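This report refers to the structure that appears directly beneath it.
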Amino acid sequence: MLKYRIQSILFVLVAFMLGCNEYMIVGVLKDIHSDMGTPLATLGILVTLFALVYSICTPFISLLSARFKRHNVLFALLVIFLVANTWTAIAPNFISLLLSRVLAGATAGSIISITVVMASFIAPPEKKAALISWVFAGFSIANVAGVPIGNTIARVFSWRDSFWMVTILTVIIFALLFIYAPKDTPQSHAGTPEEAAKISADRKKYIVHPITITNALFIICVTAAQYSFYTYITEIITKYLHFTDSVLSILLFILGIVSIFGNKLGGYYADRGNMQDIPFLYVIMPVSLVLIGLLINLTNPQGFPLILGIIGFVLIAIVCIVNVSYGANVTVLFLDLANEQFPGALDLSSTFNPVFSNFGIAVGSFVSSMAIGSGLFNIGNIVFISAVFGFCSLALVLRLKKLTKEDM
């Protein structure tokens, strides 16, 4: 039991480490802009390209490495990730910084997918959804502690020191995983031509299954809804809700806290029947986004009262809660569908949440970056684009509810 608890904590720390690397860039974009002089709209590409490479590379790396022991693959990927994050810390210019983010994105997805598979094997059946929700809560904890701390470090020292913090954390986690990572989780690679054919058939059927496709589209829309505005969250909070820079780290900390609640809320619904009870949350999200846009755009910026800023921030917090609540549900759904109907697709299924969530991040940040760059939108009304993605999420989660009730 002690070993299980240590392993569980380490898996959460892995997600926290990856979350710091991925999300911290959002909190320091203004500092990078000041350091390198690159326009903010262009710096949004750092978020887009990281997420796009993440989503493209993760399934290929996972499939290519399936014949090797998971813990060995995990250690190799962690070394590459360590190099990539350190490169980010020392990057002398925008192009170098962009390349470092590409390398980090190429490894991060496979690291978390291996972690999720390990977690699903070491957890008792009744605790699987809860543990997976905690693993994904590691990303929210990165918002709670990592992003605000990174933002504070950037303000006091340098944005580069924020990434040095992640480098130190990676070294510590690597050392602990070397001791405690499970080394006997079952492999799904084939040993005979017949087994290879069965695994190949399972993967093909799994990919085109209606639940897989709908689940993937739902993830894309949910994450696009968040990152079409969250990429510019520091500007929205300070420029459009009129909070001062001095309270920015505190407000980012609060958003991280509520995101942890969202993860646990998602784990609660996953244990109660997966997609059957969760759709009502996705009515709240697009409505909140529309209200944020109306509040920002229909009030006088010269006389913007504090109470409106507080209301706007509360609505953003509600959106963050809903946005992250999908994690445990979609992951358990992917894994359960593979375990019950297509066992040869298990390793592939473990990559789908990180793959499609990062593809959604890429879509959301790219659309908002292009909209702002074209002059059609400003940062203050980009939430209306987020709302469109939110309404698409609602339609897809209702479809998932129907499909899972009929097929699982």
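Letters A, B, ... go to the chains of the structure tokens in the order shown; residues in each chain start at 1; ligands are counted from 1 in the same order.
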Proximity of stretch 227-272 of chain A to stretch 283-302 of chain A: per-residue shortest pair, 10 Å limit, only C-alpha atoms, as a tab-separated table:
```
residue	atom	partner	partner_atom	distance
A:Phe229	CA	A:Leu289	CA	9.6
A:Ile236	CA	A:Ile296	CA	9.2
A:Lys239	CA	A:Pro301	CA	9.5
A:Tyr240	CA	A:Ile296	CA	6.4
A:Leu241	CA	A:Ile296	CA	7.2
A:His242	CA	A:Pro301	CA	8.5
```
Subject >> Contacts of stretch 353-360 of chain A within 8 Å, only C-alpha atoms, excl. fewer than 3 positions in-chain, as an NGL selection string >> reply: :A and (51-52 or 54-56 or 58-59 or 109 or 112-113 or 216-217 or 219-224 or 327 or 330-331 or 350 or 363-364)
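Of the listed residues (A:Leu281, A:Val117, A:Val258, A:Ala104), A:Val117 comes nearest to A:Asp336; the distances count only C-alpha atoms.
The shell of residues at most 6 Å from A:Ser386, with only C-alpha atoms counted and near chain neighbours (fewer than 2 positions) removed, consists of A:Ala225, A:Ser228, A:Val383, A:Phe384, A:Val388, A:Phe389.
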Please save all heavy atoms of the selected residues as a compact mmCIF listing (two decimals), in the first residue's frame.
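Saved result, out-v9.txt, follows:
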```
# COMPACT_ATOMS: atom_id res chain seq x y z
N ALA A 225 -12.14 25.63 -26.76
CA ALA A 225 -12.95 26.65 -26.07
C ALA A 225 -12.14 27.35 -24.99
O ALA A 225 -12.27 28.57 -24.80
CB ALA A 225 -14.19 25.99 -25.46
N SER A 228 -8.58 29.22 -26.71
CA SER A 228 -8.77 30.36 -27.59
C SER A 228 -8.79 31.66 -26.80
O SER A 228 -8.48 32.73 -27.33
CB SER A 228 -10.07 30.20 -28.40
OG SER A 228 -11.15 29.85 -27.56
N VAL A 383 -13.43 35.83 -26.45
CA VAL A 383 -14.24 34.84 -25.74
C VAL A 383 -15.47 34.44 -26.54
O VAL A 383 -16.05 33.37 -26.30
CB VAL A 383 -14.67 35.35 -24.35
CG1 VAL A 383 -13.49 35.37 -23.39
CG2 VAL A 383 -15.32 36.72 -24.45
N PHE A 384 -15.91 35.24 -27.50
CA PHE A 384 -17.06 34.85 -28.33
C PHE A 384 -16.69 33.68 -29.23
O PHE A 384 -17.53 32.82 -29.52
CB PHE A 384 -17.56 36.04 -29.14
CG PHE A 384 -18.20 37.12 -28.31
CD1 PHE A 384 -17.71 38.42 -28.31
CD2 PHE A 384 -19.30 36.84 -27.51
CE1 PHE A 384 -18.31 39.41 -27.55
CE2 PHE A 384 -19.91 37.83 -26.73
CZ PHE A 384 -19.41 39.11 -26.75
N VAL A 388 -18.35 29.66 -29.21
CA VAL A 388 -18.75 28.81 -30.34
C VAL A 388 -18.22 27.39 -30.13
O VAL A 388 -18.95 26.40 -30.30
CB VAL A 388 -18.22 29.39 -31.67
CG1 VAL A 388 -18.48 28.42 -32.82
CG2 VAL A 388 -18.88 30.74 -31.97
N PHE A 389 -16.95 27.28 -29.75
CA PHE A 389 -16.39 25.96 -29.44
C PHE A 389 -17.14 25.32 -28.27
O PHE A 389 -17.34 24.11 -28.23
CB PHE A 389 -14.91 26.08 -29.10
CG PHE A 389 -14.01 26.32 -30.28
CD1 PHE A 389 -13.22 27.46 -30.35
CD2 PHE A 389 -13.93 25.40 -31.30
CE1 PHE A 389 -12.38 27.68 -31.43
CE2 PHE A 389 -13.09 25.61 -32.40
CZ PHE A 389 -12.32 26.76 -32.46
```
Got a sec: who's within 8 Å of A:Ser365, counting only C-alpha atoms, leaving out chain neighbours fewer than 3 positions off, as a compact mmCIF listing (two decimals) with N, CA, C and O atoms, in the first residue's frame?
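Generated output (around.txt):
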```txt
# COMPACT_ATOMS: atom_id res chain seq x y z
N GLY A 44 1.95 33.78 -29.46
CA GLY A 44 0.90 32.77 -29.32
C GLY A 44 1.23 31.49 -30.08
O GLY A 44 0.73 30.41 -29.74
N ILE A 45 2.09 31.60 -31.10
CA ILE A 45 2.50 30.42 -31.87
C ILE A 45 3.26 29.43 -30.98
O ILE A 45 3.25 28.22 -31.24
N VAL A 47 2.43 28.49 -28.08
CA VAL A 47 1.39 27.61 -27.53
C VAL A 47 0.86 26.69 -28.62
O VAL A 47 0.72 25.48 -28.43
N THR A 48 0.58 27.26 -29.78
CA THR A 48 0.00 26.49 -30.89
C THR A 48 0.93 25.38 -31.34
O THR A 48 0.51 24.21 -31.48
N ALA A 224 -10.25 23.67 -27.19
CA ALA A 224 -10.23 24.86 -28.06
C ALA A 224 -11.03 25.99 -27.42
O ALA A 224 -10.65 27.16 -27.50
N TYR A 227 -8.55 27.40 -24.66
CA TYR A 227 -7.29 28.03 -25.04
C TYR A 227 -7.41 29.09 -26.11
O TYR A 227 -6.45 29.82 -26.36
N SER A 228 -8.58 29.22 -26.71
CA SER A 228 -8.77 30.36 -27.59
C SER A 228 -8.79 31.66 -26.80
O SER A 228 -8.48 32.73 -27.33
N PHE A 229 -9.13 31.58 -25.50
CA PHE A 229 -9.03 32.80 -24.67
C PHE A 229 -7.94 32.69 -23.61
O PHE A 229 -7.32 33.68 -23.25
N THR A 231 -4.97 31.50 -23.70
CA THR A 231 -3.64 31.87 -24.19
C THR A 231 -3.32 33.32 -23.83
O THR A 231 -2.16 33.67 -23.59
N ILE A 361 -5.98 22.50 -28.13
CA ILE A 361 -5.24 23.69 -27.70
C ILE A 361 -4.64 24.39 -28.92
O ILE A 361 -4.70 25.62 -29.03
N ALA A 362 -4.06 23.59 -29.83
CA ALA A 362 -3.47 24.16 -31.04
C ALA A 362 -4.53 24.87 -31.87
O ALA A 362 -4.31 25.99 -32.37
N SER A 368 -7.55 31.99 -32.39
CA SER A 368 -7.55 33.28 -31.71
C SER A 368 -6.39 34.15 -32.16
O SER A 368 -6.54 35.37 -32.34
N SER A 369 -5.21 33.53 -32.37
CA SER A 369 -4.05 34.28 -32.83
C SER A 369 -4.31 34.90 -34.20
O SER A 369 -3.99 36.07 -34.45
```
